[in-house]
Structures are given as structure tokens and as C-alpha cells.
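To be precise, the following lines are entry_5.cif, and they hold mmCIF, C-alpha atoms and all ligand atoms; chains and numbers go by the auth columns.
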```
data_input
loop_
_atom_site.group_PDB
_atom_site.id
_atom_site.type_symbol
_atom_site.label_atom_id
_atom_site.label_comp_id
_atom_site.label_asym_id
_atom_site.label_seq_id
_atom_site.Cartn_x
_atom_site.Cartn_y
_atom_site.Cartn_z
_atom_site.B_iso_or_equiv
_atom_site.auth_seq_id
_atom_site.auth_asym_id
ATOM 1 C CA MET A 1 19.738 6.106 7.290 0.00 30 A
ATOM 2 C CA ALA A 2 17.820 2.998 8.354 0.00 31 A
ATOM 3 C CA GLN A 3 14.735 4.919 9.388 0.00 32 A
ATOM 4 C CA GLN A 4 14.462 6.289 5.850 0.00 33 A
ATOM 5 C CA HIS A 5 13.350 2.833 4.747 0.00 34 A
ATOM 6 C CA ARG A 6 9.921 1.685 5.778 0.00 35 A
ATOM 7 C CA LEU A 7 7.704 -1.162 4.772 0.00 36 A
ATOM 8 C CA ASN A 8 4.906 0.709 3.011 0.00 37 A
ATOM 9 C CA HIS A 9 2.848 -2.276 1.918 0.00 38 A
ATOM 10 C CA LEU A 10 2.755 -5.941 1.078 0.00 39 A
ATOM 11 C CA ALA A 11 0.558 -6.778 -1.889 0.00 40 A
ATOM 12 C CA ILE A 12 -1.304 -10.050 -2.212 0.00 41 A
ATOM 13 C CA ALA A 13 -2.841 -10.940 -5.569 0.00 42 A
ATOM 14 C CA VAL A 14 -6.099 -12.883 -5.557 0.00 43 A
ATOM 15 C CA THR A 15 -8.775 -13.962 -8.008 0.00 44 A
ATOM 16 C CA ASP A 16 -11.630 -13.422 -5.530 0.00 45 A
ATOM 17 C CA LEU A 17 -11.387 -10.347 -3.314 0.00 46 A
ATOM 18 C CA ASP A 18 -14.515 -11.181 -1.311 0.00 47 A
ATOM 19 C CA ALA A 19 -13.150 -14.617 -0.460 0.00 48 A
ATOM 20 C CA ALA A 20 -9.805 -13.071 0.529 0.00 49 A
ATOM 21 C CA LEU A 21 -11.598 -10.578 2.803 0.00 50 A
ATOM 22 C CA ALA A 22 -13.525 -13.425 4.408 0.00 51 A
ATOM 23 C CA PHE A 23 -10.113 -14.577 5.631 0.00 52 A
ATOM 24 C CA TYR A 24 -8.092 -11.389 6.196 0.00 53 A
ATOM 25 C CA ARG A 25 -10.954 -9.281 7.597 0.00 54 A
ATOM 26 C CA ASP A 26 -13.478 -11.719 9.039 0.00 55 A
ATOM 27 C CA ALA A 27 -11.264 -14.568 10.245 0.00 56 A
ATOM 28 C CA LEU A 28 -7.975 -12.804 10.982 0.00 57 A
ATOM 29 C CA GLY A 29 -9.701 -9.607 12.126 0.00 58 A
ATOM 30 C CA LEU A 30 -7.776 -6.994 10.148 0.00 59 A
ATOM 31 C CA HIS A 31 -9.441 -3.653 9.521 0.00 60 A
ATOM 32 C CA VAL A 32 -10.351 -2.806 5.926 0.00 61 A
ATOM 33 C CA GLU A 33 -9.874 0.929 5.512 0.00 62 A
ATOM 34 C CA ARG A 34 -11.284 1.071 2.002 0.00 63 A
ATOM 35 C CA VAL A 35 -11.755 -0.844 -1.220 0.00 64 A
ATOM 36 C CA GLU A 36 -11.251 0.965 -4.481 0.00 65 A
ATOM 37 C CA THR A 37 -10.999 0.177 -8.150 0.00 66 A
ATOM 38 C CA VAL A 38 -7.918 1.627 -9.802 0.00 67 A
ATOM 39 C CA GLU A 39 -8.978 1.869 -13.451 0.00 68 A
ATOM 40 C CA ARG A 40 -5.501 2.755 -14.663 0.00 69 A
ATOM 41 C CA GLU A 41 -4.077 -0.490 -13.295 0.00 70 A
ATOM 42 C CA ALA A 42 -7.274 -2.526 -13.795 0.00 71 A
ATOM 43 C CA VAL A 43 -7.349 -3.791 -10.214 0.00 72 A
ATOM 44 C CA ALA A 44 -9.733 -3.693 -7.304 0.00 73 A
ATOM 45 C CA VAL A 45 -7.692 -3.056 -4.168 0.00 74 A
ATOM 46 C CA ALA A 46 -8.554 -3.518 -0.498 0.00 75 A
ATOM 47 C CA PHE A 47 -6.334 -1.531 1.895 0.00 76 A
ATOM 48 C CA LEU A 48 -5.763 -3.077 5.326 0.00 77 A
ATOM 49 C CA PRO A 49 -3.612 -0.815 7.504 0.00 78 A
ATOM 50 C CA LEU A 50 -1.393 -2.395 10.147 0.00 79 A
ATOM 51 C CA GLY A 51 -0.145 -0.970 13.407 0.00 80 A
ATOM 52 C CA ASP A 52 -0.036 2.804 13.331 0.00 81 A
ATOM 53 C CA GLY A 53 -1.034 2.820 9.667 0.00 82 A
ATOM 54 C CA GLU A 54 2.434 3.388 8.241 0.00 83 A
ATOM 55 C CA SER A 55 2.279 -0.072 6.722 0.00 84 A
ATOM 56 C CA GLU A 56 -0.567 -1.918 5.126 0.00 85 A
ATOM 57 C CA ILE A 57 -1.566 -5.032 3.321 0.00 86 A
ATOM 58 C CA GLU A 58 -3.047 -4.459 -0.124 0.00 87 A
ATOM 59 C CA ILE A 59 -5.168 -7.200 -1.602 0.00 88 A
ATOM 60 C CA LEU A 60 -5.375 -6.908 -5.384 0.00 89 A
ATOM 61 C CA GLN A 61 -7.910 -8.480 -7.689 0.00 90 A
ATOM 62 C CA PRO A 62 -7.437 -7.831 -11.398 0.00 91 A
ATOM 63 C CA THR A 63 -10.507 -6.516 -13.186 0.00 92 A
ATOM 64 C CA ARG A 64 -9.183 -7.553 -16.619 0.00 93 A
ATOM 65 C CA ASP A 65 -7.269 -10.569 -17.899 0.00 94 A
ATOM 66 C CA ASP A 66 -4.569 -8.745 -19.845 0.00 95 A
ATOM 67 C CA THR A 67 -2.676 -6.958 -17.088 0.00 96 A
ATOM 68 C CA GLY A 68 0.625 -7.847 -15.475 0.00 97 A
ATOM 69 C CA VAL A 69 -1.050 -8.851 -12.204 0.00 98 A
ATOM 70 C CA ALA A 70 -3.650 -10.974 -14.033 0.00 99 A
ATOM 71 C CA LYS A 71 -0.939 -12.802 -15.965 0.00 100 A
ATOM 72 C CA TRP A 72 1.078 -13.304 -12.784 0.00 101 A
ATOM 73 C CA LEU A 73 -2.009 -14.790 -11.076 0.00 102 A
ATOM 74 C CA ALA A 74 -2.691 -17.115 -13.992 0.00 103 A
ATOM 75 C CA LYS A 75 0.860 -18.401 -13.715 0.00 104 A
ATOM 76 C CA HIS A 76 1.401 -18.511 -9.949 0.00 105 A
ATOM 77 C CA GLY A 77 -2.055 -18.635 -8.411 0.00 106 A
ATOM 78 C CA PRO A 78 -2.985 -16.385 -5.489 0.00 107 A
ATOM 79 C CA GLY A 79 -0.116 -15.310 -3.301 0.00 108 A
ATOM 80 C CA MET A 80 2.241 -12.571 -2.253 0.00 109 A
ATOM 81 C CA HIS A 81 2.822 -10.407 -5.300 0.00 110 A
ATOM 82 C CA HIS A 82 5.233 -7.721 -4.143 0.00 111 A
ATOM 83 C CA LEU A 83 6.553 -5.788 -1.207 0.00 112 A
ATOM 84 C CA CYS A 84 6.960 -2.043 -1.216 0.00 113 A
ATOM 85 C CA ILE A 85 9.764 -0.220 0.537 0.00 114 A
ATOM 86 C CA GLN A 86 9.307 3.477 1.129 0.00 115 A
ATOM 87 C CA VAL A 87 12.458 5.524 0.523 0.00 116 A
ATOM 88 C CA ALA A 88 13.342 9.170 1.018 0.00 117 A
ATOM 89 C CA ASP A 89 14.917 9.650 -2.435 0.00 118 A
ATOM 90 C CA ILE A 90 13.712 7.261 -5.109 0.00 119 A
ATOM 91 C CA GLU A 91 15.980 8.644 -7.839 0.00 120 A
ATOM 92 C CA ALA A 92 19.080 8.186 -5.684 0.00 121 A
ATOM 93 C CA THR A 93 17.904 4.676 -4.786 0.00 122 A
ATOM 94 C CA LEU A 94 17.391 3.760 -8.457 0.00 123 A
ATOM 95 C CA ALA A 95 20.801 5.185 -9.361 0.00 124 A
ATOM 96 C CA ARG A 96 22.387 3.147 -6.590 0.00 125 A
ATOM 97 C CA LEU A 97 20.607 -0.004 -7.754 0.00 126 A
ATOM 98 C CA ALA A 98 21.671 0.588 -11.362 0.00 127 A
ATOM 99 C CA ALA A 99 25.258 1.102 -10.238 0.00 128 A
ATOM 100 C CA HIS A 100 25.036 -2.305 -8.559 0.00 129 A
ATOM 101 C CA GLY A 101 23.752 -3.904 -11.765 0.00 130 A
ATOM 102 C CA ALA A 102 20.194 -4.477 -10.542 0.00 131 A
ATOM 103 C CA GLU A 103 17.573 -5.029 -13.207 0.00 132 A
ATOM 104 C CA LEU A 104 14.951 -2.284 -12.983 0.00 133 A
ATOM 105 C CA ILE A 105 11.460 -2.672 -14.412 0.00 134 A
ATOM 106 C CA ASN A 106 11.047 1.108 -14.118 0.00 135 A
ATOM 107 C CA PRO A 107 14.451 2.764 -14.529 0.00 136 A
ATOM 108 C CA GLN A 108 12.695 6.079 -13.931 0.00 137 A
ATOM 109 C CA PRO A 109 10.045 6.636 -11.255 0.00 138 A
ATOM 110 C CA VAL A 110 6.402 6.671 -12.360 0.00 139 A
ATOM 111 C CA GLU A 111 4.105 9.223 -10.747 0.00 140 A
ATOM 112 C CA LYS A 112 0.642 8.374 -9.445 0.00 141 A
ATOM 113 C CA PRO A 113 -2.207 10.915 -9.486 0.00 142 A
ATOM 114 C CA ASP A 114 -1.625 11.572 -5.756 0.00 143 A
ATOM 115 C CA GLY A 115 2.017 12.477 -6.375 0.00 144 A
ATOM 116 C CA THR A 116 3.510 9.262 -5.000 0.00 145 A
ATOM 117 C CA ARG A 117 6.404 8.153 -7.182 0.00 146 A
ATOM 118 C CA TYR A 118 7.079 4.438 -7.591 0.00 147 A
ATOM 119 C CA ALA A 119 9.337 2.042 -9.443 0.00 148 A
ATOM 120 C CA PHE A 120 9.588 -1.745 -9.562 0.00 149 A
ATOM 121 C CA ILE A 121 12.775 -3.788 -9.301 0.00 150 A
ATOM 122 C CA HIS A 122 12.847 -7.081 -11.187 0.00 151 A
ATOM 123 C CA PRO A 123 12.539 -10.187 -8.980 0.00 152 A
ATOM 124 C CA LYS A 124 15.616 -11.593 -10.749 0.00 153 A
ATOM 125 C CA SER A 125 17.708 -9.023 -8.928 0.00 154 A
ATOM 126 C CA ALA A 126 15.844 -9.262 -5.607 0.00 155 A
ATOM 127 C CA PHE A 127 16.080 -13.000 -4.973 0.00 156 A
ATOM 128 C CA GLY A 128 12.672 -13.904 -6.292 0.00 157 A
ATOM 129 C CA VAL A 129 10.707 -11.019 -4.798 0.00 158 A
ATOM 130 C CA LEU A 130 9.124 -8.266 -6.847 0.00 159 A
ATOM 131 C CA VAL A 131 10.131 -5.125 -4.959 0.00 160 A
ATOM 132 C CA GLU A 132 8.387 -1.788 -5.368 0.00 161 A
ATOM 133 C CA LEU A 133 9.891 1.489 -4.190 0.00 162 A
ATOM 134 C CA TYR A 134 7.751 4.413 -3.050 0.00 163 A
ATOM 135 C CA GLN A 135 8.621 8.010 -2.492 0.00 164 A
ATOM 136 C CA LEU A 136 5.659 9.793 -0.937 0.00 165 A
ATOM 137 C CA PRO A 137 4.805 13.342 -2.023 0.00 166 A
ATOM 138 C CA PRO A 138 5.969 16.072 0.367 0.00 167 A
ATOM 139 C CA THR A 139 3.301 16.715 2.997 0.00 168 A
ATOM 140 C CA ALA A 140 1.827 20.165 2.647 0.00 169 A
HETATM 141 CO CO CO B . 2.321 -1.813 -4.569 0.00 201 A
#
```

For this file, write the structure as C-alpha cells.
Ligand code: CO
Amino acid sequence: MAQQHRLNHLAIAVTDLDAALAFYRDALGLHVERVETVEREAVAVAFLPLGDGESEIEILQPTRDDTGVAKWLAKHGPGMHHLCIQVADIEATLARLAAHGAELINPQPVEKPDGTRYAFIHPKSAFGVLVELYQLPPTA
């Protein structure tokens, strides 16, 4: 079962993406695969794959002040925002979490345009860490 769980990404929230890339890309030497603006979530995201590309660091900069990430940044300052665990069956994982009394931000998975389904678990239940679950779409 263990290999069904993978670290998909770690997300870092920042107020200045260019400044963050001056560290993570230029100083640390990580490769930036792409930078895109996700209008739906009002964030600019830089994707920095690690190792064989199964895991990556995502650096998020809010593009508006009224989003969850923007409010989190205003409160906490830049830092690690969430980690994302990839699972084989997100519905079964959410059911298991609910049965254990975990507080779920998304009791049902939300689907992205690319077919990836995700759900967030409240940090209260995960010892202070916002945890995201991913189930990738079946590969064609
Ligand atoms: Co994420």
C-alpha cells in the first residue's frame, strides 16, 4: 500500500515570485519547468520539479487580495503553505479520514480542468499542516 502514497508537491506561498525564484532557481539551482497564472485560483505558480519529476515544489503568489492563499500570507507571511500527498483512491481516503473524525475542508473531491481530483484536510486535524490530497486522472 505504501507505494500508493507519493509526495506530489510542496507549496510555498510568497508575496514576490521573482524574489522567490532568485533564491530557489538562481541561488539553490532548481529547475523551473514553467510559470503559469491560474485564474480560477487567482495565483501565479512556478513549478519546480524534483528528482525524476514525480514530486515538485510549487511557489504560489496570489494575484488578488481576497483569496484563501492571500489571507494566509497576510497572516503568516511567506512560508510553506501545504503539502500534497498523491493517493490511488481519493474517495476511499476521504471516507477513511471522515471515519477517523478528521476535519475535511473538501469532504468531496474537487476536479481540476485536467481531471486531477483534489481535496484539502484541515490543519487542525493534521497537526498544523494543511494537507492536500491528489488523485491523478487515469493515463490514456
Ligand atoms: Co497544491

With distances taken over all atoms listed in the file, which residue among A:Leu89, A:Ala56, A:Ala75, A:Ala117 lies nearest Trp101 in chain A?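 Closest candidate: A:Leu89.
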
Restricting the calculation to all atoms listed in the file, which member of A:Ser84, A:Ala103, A:Ala155, A:Asp47 is positioned closest to ligand CO 201 (chain A)? A:Ser84

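Distance annotation: of A:Ala121, A:Ala131, A:Met109, A:Leu36, the residue with the minimal separation from Val158 in chain A is A:Met109; atom set is only C-alpha atoms.
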
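Residues in contact with ligand CO 201 (chain A) (atom pairs separated by at most 8 Å; only C-alpha atoms and all ligand atoms) are His38, Leu39, Ala40, Glu87, His111, Leu112, Cys113 and Glu161 of chain A.
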
Could you tell me which residues the PyMOL selection byres (((chain A and resi 91) around 6) and not hetatm) returns for this structure, as a list in words?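 Here the PyMOL selection byres (((chain A and resi 91) around 6) and not hetatm) matches Ala71, Val72, Gln90, Thr92, Arg93 and Ala99 of chain A.
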
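Comparing the minimum interatomic distances between Val116 in chain A and each of A:Leu133, A:Tyr147, A:Val43, A:Gly82, counting all atoms listed in the file, we find that A:Tyr147 sits nearest.
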
Taking the file as shown, what set of residues would the PyMOL selection byres (((chain A and resi 138) around 6) and not hetatm) give back, as a ChimeraX atom specification? /A:137,139,146-148

Between A:Arg69, A:Val64, A:Gln164, A:Ala48, single out the one closest to Ile114 in chain A, counting only C-alpha atoms.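 Among the listed residues, A:Gln164 lies closest to Ile114 in chain A.
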